[in-house]
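K.L.:
The following file, work.cif, comprises mmCIF, C-alpha atoms:
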data_coords
#
loop_
_atom_site.label_atom_id
_atom_site.label_comp_id
_atom_site.auth_asym_id
_atom_site.auth_seq_id
_atom_site.Cartn_x
_atom_site.Cartn_y
_atom_site.Cartn_z
CA MET A 1 132.46 88.65 70.07
CA THR A 2 135.26 89.12 72.56
CA PHE A 3 134.84 86.81 75.50
CA LEU A 4 138.24 87.44 77.04
CA ASN A 5 139.92 90.72 77.78
CA LYS A 6 142.68 90.95 75.17
CA SER A 7 145.22 92.98 77.12
CA LEU A 8 144.68 91.38 80.53
CA ASN A 9 143.59 87.88 79.68
CA LYS A 10 146.97 86.41 80.45
CA THR A 11 146.89 87.39 84.11
CA PRO A 12 144.82 85.49 86.70
CA ALA A 13 142.96 88.72 87.50
CA GLY A 14 142.18 89.22 83.83
CA VAL A 15 140.84 85.71 83.46
CA LEU A 16 138.78 86.12 86.62
CA ALA A 17 137.39 89.44 85.35
CA SER A 18 136.36 87.88 82.07
CA VAL A 19 134.69 84.93 83.79
CA LEU A 20 132.85 87.24 86.21
CA ARG A 21 131.77 89.54 83.37
CA VAL A 22 130.22 86.65 81.47
CA ALA A 23 128.63 85.30 84.68
CA LEU A 24 127.15 88.73 85.45
CA GLY A 25 125.84 88.89 81.90
CA VAL A 26 124.15 85.52 82.24
CA ILE A 27 122.61 86.60 85.57
CA PHE A 28 121.27 89.82 84.03
CA VAL A 29 119.80 87.93 81.08
CA TYR A 30 118.24 85.35 83.44
CA ALA A 31 116.74 88.07 85.68
CA ALA A 32 115.35 89.83 82.62
CA TRP A 33 113.88 86.65 81.20
CA LEU A 34 112.11 85.84 84.49
CA LYS A 35 110.54 89.30 84.59
CA LEU A 36 109.57 89.36 80.92
CA HIS A 37 108.06 85.90 81.30
CA GLU A 38 105.55 87.14 83.92
CA PRO A 39 102.91 89.91 83.82
CA TRP A 40 104.80 93.22 84.03
CA ALA A 41 102.52 94.43 86.84
CA LEU A 42 103.95 91.82 89.20
CA PHE A 43 107.32 93.53 88.87
CA ALA A 44 105.58 96.91 89.20
CA MET A 45 104.06 95.71 92.47
CA ALA A 46 107.52 94.74 93.74
CA ILE A 47 109.00 98.11 92.72
CA ASP A 48 106.07 99.98 94.27
CA SER A 49 106.63 98.15 97.54
CA TYR A 50 109.98 99.96 97.93
CA GLN A 51 107.98 103.23 98.05
CA VAL A 52 110.52 105.40 96.26
CA LEU A 53 108.77 106.21 92.98
CA PRO A 54 105.38 107.64 91.98
CA ALA A 55 103.02 105.19 90.27
CA TRP A 56 103.66 106.50 86.74
CA ALA A 57 107.41 106.07 87.19
CA VAL A 58 106.90 102.60 88.68
CA GLU A 59 105.09 101.58 85.49
CA VAL A 60 107.83 103.01 83.25
CA VAL A 61 110.57 101.23 85.22
CA ALA A 62 108.61 97.95 85.40
CA ARG A 63 108.15 97.92 81.64
CA ALA A 64 111.63 99.16 80.67
CA LEU A 65 114.06 97.73 83.23
CA PRO A 66 113.81 94.06 82.16
CA TRP A 67 114.66 95.05 78.56
CA PHE A 68 117.58 97.13 79.81
CA GLU A 69 118.80 94.18 81.89
CA LEU A 70 118.53 91.96 78.82
CA LEU A 71 120.57 94.41 76.74
CA LEU A 72 123.14 94.87 79.48
CA GLY A 73 123.49 91.13 80.01
CA THR A 74 123.96 90.55 76.29
CA LEU A 75 126.65 93.24 76.09
CA LEU A 76 128.47 91.78 79.10
CA ILE A 77 128.42 88.28 77.65
CA ALA A 78 129.51 89.47 74.21
CA GLY A 79 132.21 91.71 75.68
CA VAL A 80 131.33 94.67 73.47
CA TRP A 81 131.16 98.24 74.78
CA ARG A 82 132.87 96.76 77.78
CA LYS A 83 133.63 99.97 79.64
CA PRO A 84 130.13 101.53 79.51
CA ALA A 85 128.46 98.14 80.01
CA THR A 86 130.44 97.29 83.15
CA ILE A 87 129.97 100.81 84.55
CA ALA A 88 126.21 100.59 83.90
CA ALA A 89 126.05 97.16 85.57
CA SER A 90 127.90 98.44 88.63
CA LEU A 91 125.71 101.53 88.92
CA LEU A 92 122.54 99.46 88.52
CA LEU A 93 123.64 96.90 91.11
CA ALA A 94 124.70 99.70 93.49
CA LEU A 95 121.24 101.23 93.09
CA PHE A 96 119.55 97.88 93.81
CA PHE A 97 121.82 97.31 96.81
CA GLY A 98 121.08 100.78 98.20
CA LEU A 99 117.33 100.29 97.84
CA MET A 100 117.52 96.89 99.51
CA VAL A 101 119.56 98.23 102.43
CA ARG A 102 117.05 101.08 102.85
CA ALA A 103 114.10 98.66 102.81
CA MET A 104 115.80 96.32 105.30
CA ALA A 105 116.64 99.23 107.59
CA LYS A 106 112.98 100.28 107.52
CA GLY A 107 111.89 96.72 108.35
CA MET A 108 109.85 96.42 105.15
CA GLN A 109 108.37 92.96 104.50
CA ILE A 110 108.44 93.13 100.73
CA ASP A 111 109.12 91.25 97.55
CA CYS A 112 112.76 91.66 96.50
CA GLY A 113 111.81 91.97 92.82
CA CYS A 114 115.26 90.64 91.88
CA PHE A 115 114.42 87.50 89.94
CA GLY A 116 110.72 87.71 89.22
CA PRO A 117 107.86 87.70 91.73
CA GLY A 118 107.58 85.87 95.01
CA GLU A 119 111.10 86.22 96.43
CA ARG A 120 111.03 87.98 99.76
CA LEU A 121 113.66 90.58 100.61
CA SER A 122 116.01 89.06 103.17
CA TRP A 123 119.62 88.97 104.36
CA THR A 124 120.22 86.28 101.73
CA THR A 125 119.03 88.49 98.88
CA LEU A 126 121.03 91.39 100.31
CA LEU A 127 124.22 89.28 100.51
CA ARG A 128 123.64 87.96 97.02
CA ASP A 129 123.24 91.48 95.61
CA GLY A 130 126.30 92.61 97.58
CA ALA A 131 128.36 89.79 96.05
CA LEU A 132 127.13 90.70 92.56
CA LEU A 133 127.98 94.35 93.20
CA ALA A 134 131.49 93.48 94.41
CA SER A 135 132.04 91.30 91.34
CA SER A 136 130.75 94.02 89.05
CA VAL A 137 132.99 96.66 90.62
CA PHE A 138 135.99 94.35 90.14
CA VAL A 139 135.05 93.72 86.48
CA THR A 140 134.56 97.46 85.93
CA THR A 141 137.95 98.25 87.47
CA MET A 142 139.63 95.70 85.22
CA ALA A 143 137.79 97.07 82.16
CA LEU A 144 138.91 100.61 82.98
CA ARG A 145 142.52 99.46 83.50
CA SER A 146 142.38 97.58 80.23
CA ALA A 147 141.06 100.67 78.43
CA ARG A 148 143.93 102.74 79.83
CA GLY A 149 146.40 100.03 78.91
CA THR A 150 145.63 100.24 75.20
CA GLY A 151 147.46 103.57 75.03
CA GLN A 152 150.85 102.11 75.97
CA VAL A 153 153.79 102.20 73.55
CA THR A 154 154.43 98.88 71.92
CA CYS A 155 157.37 97.61 70.00
CA PRO A 156 156.30 95.78 66.86
CA THR A 157 158.60 93.02 65.86
CA MET B 1 81.45 95.35 100.85
CA LYS B 2 77.97 96.55 99.91
CA LEU B 3 79.36 96.84 96.41
CA CYS B 4 80.35 93.19 96.62
CA ILE B 5 76.86 92.14 97.54
CA ALA B 6 75.36 94.10 94.64
CA ALA B 7 77.90 92.69 92.23
CA LEU B 8 77.37 89.20 93.52
CA ALA B 9 73.66 89.41 92.89
CA ALA B 10 74.58 88.85 89.25
CA LEU B 11 76.24 85.63 90.25
CA LEU B 12 73.25 83.85 91.70
CA PRO B 13 73.83 80.57 89.87
CA ALA B 14 77.37 80.33 91.20
CA LEU B 15 76.34 81.43 94.66
CA ALA B 16 73.61 78.84 94.69
CA ALA B 17 76.26 76.16 94.31
CA PRO B 18 76.58 73.73 97.20
CA PRO B 19 78.93 74.68 100.06
CA ASP B 20 82.50 74.21 98.98
CA ALA B 21 85.63 72.99 100.69
CA HIS B 22 86.25 76.51 101.93
CA ASN B 23 83.47 76.38 104.50
CA GLY B 24 81.57 79.34 103.16
CA ALA B 25 84.56 81.67 103.11
CA ALA B 26 84.64 81.84 99.34
CA ILE B 27 82.76 83.75 96.70
CA GLY B 28 82.32 83.39 92.97
CA ASP B 29 82.45 80.56 90.52
CA PRO B 30 84.75 77.72 91.65
CA ASN B 31 85.39 77.00 87.96
CA ALA B 32 86.63 80.52 87.23
CA PRO B 33 90.01 80.60 85.44
CA VAL B 34 91.76 82.52 88.22
CA LEU B 35 91.89 81.51 91.87
CA ILE B 36 92.59 84.31 94.34
CA GLU B 37 93.39 83.27 97.91
CA VAL B 38 93.67 86.00 100.52
CA PHE B 39 95.66 85.14 103.66
CA SER B 40 94.44 87.69 106.14
CA ASP B 41 94.07 88.46 109.84
CA PHE B 42 90.99 90.33 111.08
CA GLN B 43 93.07 92.35 113.55
CA CYS B 44 95.72 93.40 111.01
CA PRO B 45 95.40 97.05 109.84
CA GLY B 46 96.85 96.22 106.41
CA CYS B 47 94.24 93.49 105.99
CA LYS B 48 91.50 95.98 106.85
CA ARG B 49 92.88 98.36 104.23
CA PHE B 50 93.00 95.60 101.62
CA HIS B 51 89.51 94.39 102.56
CA ASP B 52 88.02 97.89 102.44
CA GLU B 53 89.81 99.29 99.39
CA ASP B 54 91.00 96.55 97.03
CA LEU B 55 88.76 93.58 97.67
CA PRO B 56 85.49 95.27 96.61
CA LEU B 57 87.13 96.21 93.30
CA ILE B 58 88.45 92.68 92.78
CA VAL B 59 84.99 91.29 93.48
CA LYS B 60 83.31 93.76 91.13
CA ASP B 61 85.76 93.38 88.24
CA TYR B 62 86.78 89.73 88.44
CA VAL B 63 84.63 87.68 90.83
CA ALA B 64 81.23 89.02 89.78
CA THR B 65 82.20 88.64 86.13
CA GLY B 66 83.12 84.99 86.59
CA LYS B 67 86.83 85.51 85.91
CA ALA B 68 88.05 84.76 89.42
CA TYR B 69 87.13 82.67 92.42
CA LEU B 70 87.94 84.37 95.71
CA VAL B 71 88.82 82.35 98.79
CA TYR B 72 89.43 83.81 102.21
CA LYS B 73 92.19 82.11 104.20
CA TYR B 74 92.26 82.53 107.97
CA PHE B 75 95.72 83.59 109.04
CA PRO B 76 95.47 85.01 112.59
CA LEU B 77 98.85 86.32 113.68
CA PRO B 78 100.01 85.28 117.16
CA GLN B 79 100.92 88.86 118.11
CA HIS B 80 97.29 89.94 117.66
CA THR B 81 95.47 89.21 120.93
CA TYR B 82 92.04 88.81 119.36
CA GLY B 83 93.06 87.60 115.90
CA ARG B 84 92.36 83.93 116.54
CA LYS B 85 89.04 84.56 118.30
CA ALA B 86 87.93 86.82 115.45
CA ALA B 87 88.84 84.11 112.95
CA GLU B 88 86.88 81.52 114.97
CA LEU B 89 83.81 83.73 115.12
CA VAL B 90 83.89 84.55 111.41
CA CYS B 91 84.49 80.90 110.55
CA ALA B 92 81.46 79.96 112.67
CA CYS B 93 79.43 82.68 110.94
CA ALA B 94 80.58 81.30 107.59
CA GLN B 95 79.12 77.91 108.60
CA ILE B 96 75.69 79.52 108.81
CA GLY B 97 76.14 81.48 105.57
CA LYS B 98 77.10 84.76 107.21
CA TYR B 99 80.75 85.06 106.23
CA GLU B 100 80.54 88.38 104.42
CA PRO B 101 78.51 90.40 106.95
CA ALA B 102 80.65 89.04 109.78
CA ALA B 103 83.95 89.81 108.03
CA ASP B 104 82.69 93.24 106.98
CA ILE B 105 81.61 94.32 110.45
CA LEU B 106 84.80 93.06 112.10
CA PHE B 107 86.98 94.95 109.65
CA ALA B 108 84.75 98.03 109.87
CA LYS B 109 84.99 98.13 113.66
CA GLN B 110 88.52 96.76 113.97
CA GLY B 111 89.75 99.85 115.81
CA ALA B 112 87.21 99.36 118.62
CA TRP B 113 87.29 95.60 119.30
CA SER B 114 91.06 95.47 118.92
CA LEU B 115 91.18 97.52 122.11
CA ASP B 116 88.32 96.12 124.17
CA GLY B 117 87.99 92.60 122.74
CA LYS B 118 84.20 92.91 122.40
CA LEU B 119 83.90 90.69 119.36
CA ASP B 120 80.57 89.06 120.22
CA GLU B 121 78.98 92.44 120.76
CA THR B 122 80.38 93.70 117.47
CA LEU B 123 78.94 90.74 115.59
CA ALA B 124 75.57 91.12 117.30
CA SER B 125 74.58 93.84 114.83
CA VAL B 126 74.73 91.44 111.88
CA LEU B 127 73.32 88.30 113.54
CA THR B 128 69.86 87.45 114.78
CA PRO B 129 69.58 86.09 118.36
CA SER B 130 69.16 82.54 117.05
CA GLU B 131 72.19 82.93 114.79
CA ARG B 132 74.22 84.16 117.74
CA LYS B 133 73.30 81.00 119.63
CA LYS B 134 74.33 78.85 116.68
CA VAL B 135 77.65 80.68 116.39
CA ALA B 136 78.30 80.33 120.13
CA ALA B 137 77.65 76.59 119.87
CA LEU B 138 79.82 76.19 116.78
CA ILE B 139 82.87 78.09 117.90
CA LYS B 140 84.68 75.21 119.61
CA ASP B 141 83.51 72.70 117.07
CA PRO B 142 86.17 71.00 114.92
CA SER B 143 84.32 72.28 111.86
CA VAL B 144 85.43 75.76 112.93
CA GLN B 145 88.85 74.98 114.34
CA LYS B 146 90.00 72.73 111.50
CA PRO B 147 89.64 75.21 108.62
CA ILE B 148 91.60 77.80 110.60
CA ASP B 149 94.38 75.35 111.42
CA ARG B 150 94.39 74.13 107.82
CA ASP B 151 94.62 77.68 106.44
CA LEU B 152 97.37 78.55 108.91
CA ALA B 153 99.36 75.48 107.87
CA GLU B 154 98.87 76.33 104.17
CA GLY B 155 99.98 79.89 104.79
CA LEU B 156 103.07 78.88 106.74
CA ALA B 157 104.02 76.46 103.99
CA LEU B 158 103.73 79.17 101.30
CA PRO B 159 105.33 80.90 103.33
CA VAL B 160 103.17 83.84 104.36
CA LYS B 161 105.40 86.21 106.30
CA SER B 162 103.19 89.28 106.26
CA THR B 163 99.49 89.89 105.98
CA PRO B 164 97.71 90.34 103.74
CA THR B 165 99.33 87.95 101.28
CA VAL B 166 97.40 87.18 98.13
CA LEU B 167 98.06 84.01 96.20
CA VAL B 168 96.92 84.18 92.59
CA THR B 169 96.75 80.86 90.77
CA TYR B 170 96.31 80.72 87.02
CA LYS B 171 96.83 77.58 84.92
CA SER B 172 98.58 75.88 87.87
CA ARG B 173 101.08 78.74 88.20
CA LYS B 174 101.11 80.47 91.57
CA TYR B 175 101.91 84.15 92.08
CA PRO B 176 102.27 85.24 95.72
CA LEU B 177 101.61 88.97 96.10
CA PHE B 178 102.48 90.95 99.21
CA GLY B 179 104.00 94.23 100.35
CA GLU B 180 102.98 97.84 99.90
CA GLY B 181 102.49 97.40 96.15
CA LEU B 182 99.52 95.17 96.92
CA PHE B 183 97.54 98.22 98.01
CA ASN B 184 97.62 99.77 94.57
CA TYR B 185 94.71 98.23 92.71
CA ARG B 186 96.12 99.18 89.31
CA TRP B 187 98.87 96.53 89.70
CA ILE B 188 96.40 93.83 90.72
CA GLN B 189 94.16 94.79 87.82
CA ALA B 190 97.04 94.85 85.33
CA THR B 191 98.29 91.47 86.58
CA LEU B 192 94.89 89.79 86.31
CA ASP B 193 94.17 91.38 82.91
CA ASP B 194 97.56 90.24 81.64
CA LEU B 195 96.94 86.67 82.83
CA LEU B 196 93.43 86.57 81.38
CA LYS B 197 94.15 88.14 77.98
#
Kindly transcribe the structure held in the file into structure tokens.
P.N.:
Amino acid sequence: MTFLNKSLNKTPAGVLASVLRVALGVIFVYAAWLKLHEPWALFAMAIDSYQVLPAWAVEVVARALPWFELLLGTLLIAGVWRKPATIAASLLLALFFGLMVRAMAKGMQIDCGCFGPGERLSWTTLLRDGALLASSVFVTTMALRSARGTGQVTCPT
Amino acid sequence: MKLCIAALAALLPALAAPPDAHNGAAIGDPNAPVLIEVFSDFQCPGCKRFHDEDLPLIVKDYVATGKAYLVYKYFPLPQHTYGRKAAELVCACAQIGKYEPAADILFAKQGAWSLDGKLDETLASVLTPSERKKVAALIKDPSVQKPIDRDLAEGLALPVKSTPTVLVTYKSRKYPLFGEGLFNYRWIQATLDDLLK
């Protein structure tokens, strides 16, 4: 397992990116565990409250998304498939953020669905998701830079 | 709620139980494994929808079968002019064993009394003249006011921020349900089945 970014781990930004990646991974695993721990239909109810998917799709997402979050979180913590994992995390968080902004704009009084049932969508949840998204975008940018950096000419001693 | 009444006929032993702490606004077996508490306002359109569409199914599938105990919680919203008075009247009706017919008629005719405030007249169709007198005498009684205030306090502590909010309790774990997803019975059914399996 690679916990630190090999090519950038010596810079403060590289260390920060590695710490944030692991933190995001832990958060994804925690969110997945909370959802998998409860009846899946509670998460389905939260997804359905956003009113963006038909019922059959709500069920598919409610059953599959926690497992995907678990996988994504594990990859982020382990630091494997870093580029696709960080891109996937950023896209997923951007999707969540967009849905939350839409629901807030519509004045919906709904369950956030972020960390299991019972958490109401609010400015706090929106800010939290925004912070996670910003962190994920930073980690993704660093991962992409690192991937590009591996092609540089080196001088073996 | 006619379906409820038919389903509840199978529950005579439980219904014959002495009045509970919920002042008649509860149905089913108090010892059922699942407790379902519905925080609702008689003047709220979403509560009417839940009462008319989901509640009869919950009663048929879970309350009448002894799997769940259903408790109505009075949660009149301050922005609803007649919400509190409706709650008081239904609570008074519950004291004389008429919770269900009173709640049913108020939800059924919500569109009319929400505009003209004729709650007493609306309830007249489900009460005898003597029952109407009893309800009129009870309405300012602490036995009517206290349960409403108690339910409101419980709801605010939860916190209930929209109605209806359903609180499902199973093995001491509480699951607050609210939002648009609450109106799709398949999620309620799947949740309860998952808890009970």
K.L.:
On this structure, which residues satisfy the PyMOL selection byres ((chain B and resi 106) around 8), written as a list in words?
P.N.:
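Checked against the file, the PyMOL selection byres ((chain B and resi 106) around 8) matches Phe42, Ala86, Ala102, Ala103, Asp104, Ile105, Phe107, Ala108, Lys109, Gln110, Leu119, Thr122 and Leu123 of chain B.
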K.L.:
Assuming the chain letters and numbering stay as they are in my file, what does the PyMOL selection byres ((chain B and resi 81) around 12) actually select? List them as a PyMOL selection string.
P.N.:
chain B and resi 41-44+76-80+82-87+113-119
K.L.:
Which residues are near segment 41-58 of chain A? Cut-off 8 Å, only C-alpha atoms, ignore same chain within fewer than 5 positions. Put them as a ChimeraX atom specification.
P.N.:
/A:35,99,103,110-113,116-117 /B:177,179-182,184,187-188,190-191
K.L.:
Would you give me, as a tab-separated table, each residue of chain B having an atom within 12 Å of an atom of chain A, along with its shortest atom pair and that distance in Å to one decimal, using only C-alpha atoms and sorting by chain and residue number?
P.N.:
residue	atom	partner	partner_atom	distance
B:Leu158	CA	A:Gly118	CA	10.0
B:Pro159	CA	A:Arg120	CA	9.8
B:Val160	CA	A:Arg120	CA	10.0
B:Lys161	CA	A:Gln109	CA	7.6
B:Ser162	CA	A:Gln109	CA	6.6
B:Thr163	CA	A:Gln109	CA	9.5
B:Pro164	CA	A:Gln109	CA	11.0
B:Thr165	CA	A:Ile110	CA	10.5
B:Val166	CA	A:Gly118	CA	10.7
B:Leu167	CA	A:Gly118	CA	9.8
B:Val168	CA	A:Leu42	CA	10.9
B:Tyr170	CA	A:Glu38	CA	11.7
B:Arg173	CA	A:Glu38	CA	10.4
B:Lys174	CA	A:Gly118	CA	9.1
B:Tyr175	CA	A:Gly118	CA	6.6
B:Pro176	CA	A:Gly118	CA	5.4
B:Leu177	CA	A:Gly118	CA	6.8
B:Phe178	CA	A:Ile110	CA	6.5
B:Gly179	CA	A:Ile110	CA	4.6
B:Glu180	CA	A:Ser49	CA	4.4
B:Gly181	CA	A:Met45	CA	4.3
B:Leu182	CA	A:Met45	CA	6.4
B:Phe183	CA	A:Met45	CA	8.9
B:Asn184	CA	A:Met45	CA	7.9
B:Tyr185	CA	A:Met45	CA	9.7
B:Arg186	CA	A:Ala41	CA	8.3
B:Trp187	CA	A:Ala41	CA	5.1
B:Ile188	CA	A:Ala41	CA	7.3
B:Gln189	CA	A:Ala41	CA	8.4
B:Ala190	CA	A:Ala41	CA	5.7
B:Thr191	CA	A:Ala41	CA	5.2
B:Leu192	CA	A:Pro39	CA	8.4
B:Asp193	CA	A:Pro39	CA	8.9
B:Asp194	CA	A:Pro39	CA	5.8
B:Leu195	CA	A:Pro39	CA	6.9
B:Leu196	CA	A:Pro39	CA	10.3
B:Lys197	CA	A:Pro39	CA	10.7
K.L.:
In Å, rounded to a single decimal, give me how far atom CA of Val101 of chain A is from atom CA of Ala64 of chain A.
P.N.:
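Going from atom CA of Ala64 of chain A over to atom CA of Val101 of chain A covers 23.2 Å.
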K.L.:
Hey, what comes out of the PyMOL selection byres ((chain B and resi 138-148) around 9) on this file? Could you write it as a VMD selection string?
P.N.:
chain B and resid 22 to 23 73 to 76 84 to 85 87 to 89 91 to 93 95 133 to 137 149 to 153
K.L.:
Between B:Cys47, B:Val34, B:Ile96, B:Val90, which residue has the minimum interatomic distance to Ala68 of chain B, considering all atoms listed in the file?
P.N.:
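The closest residue to Ala68 of chain B is B:Val34.
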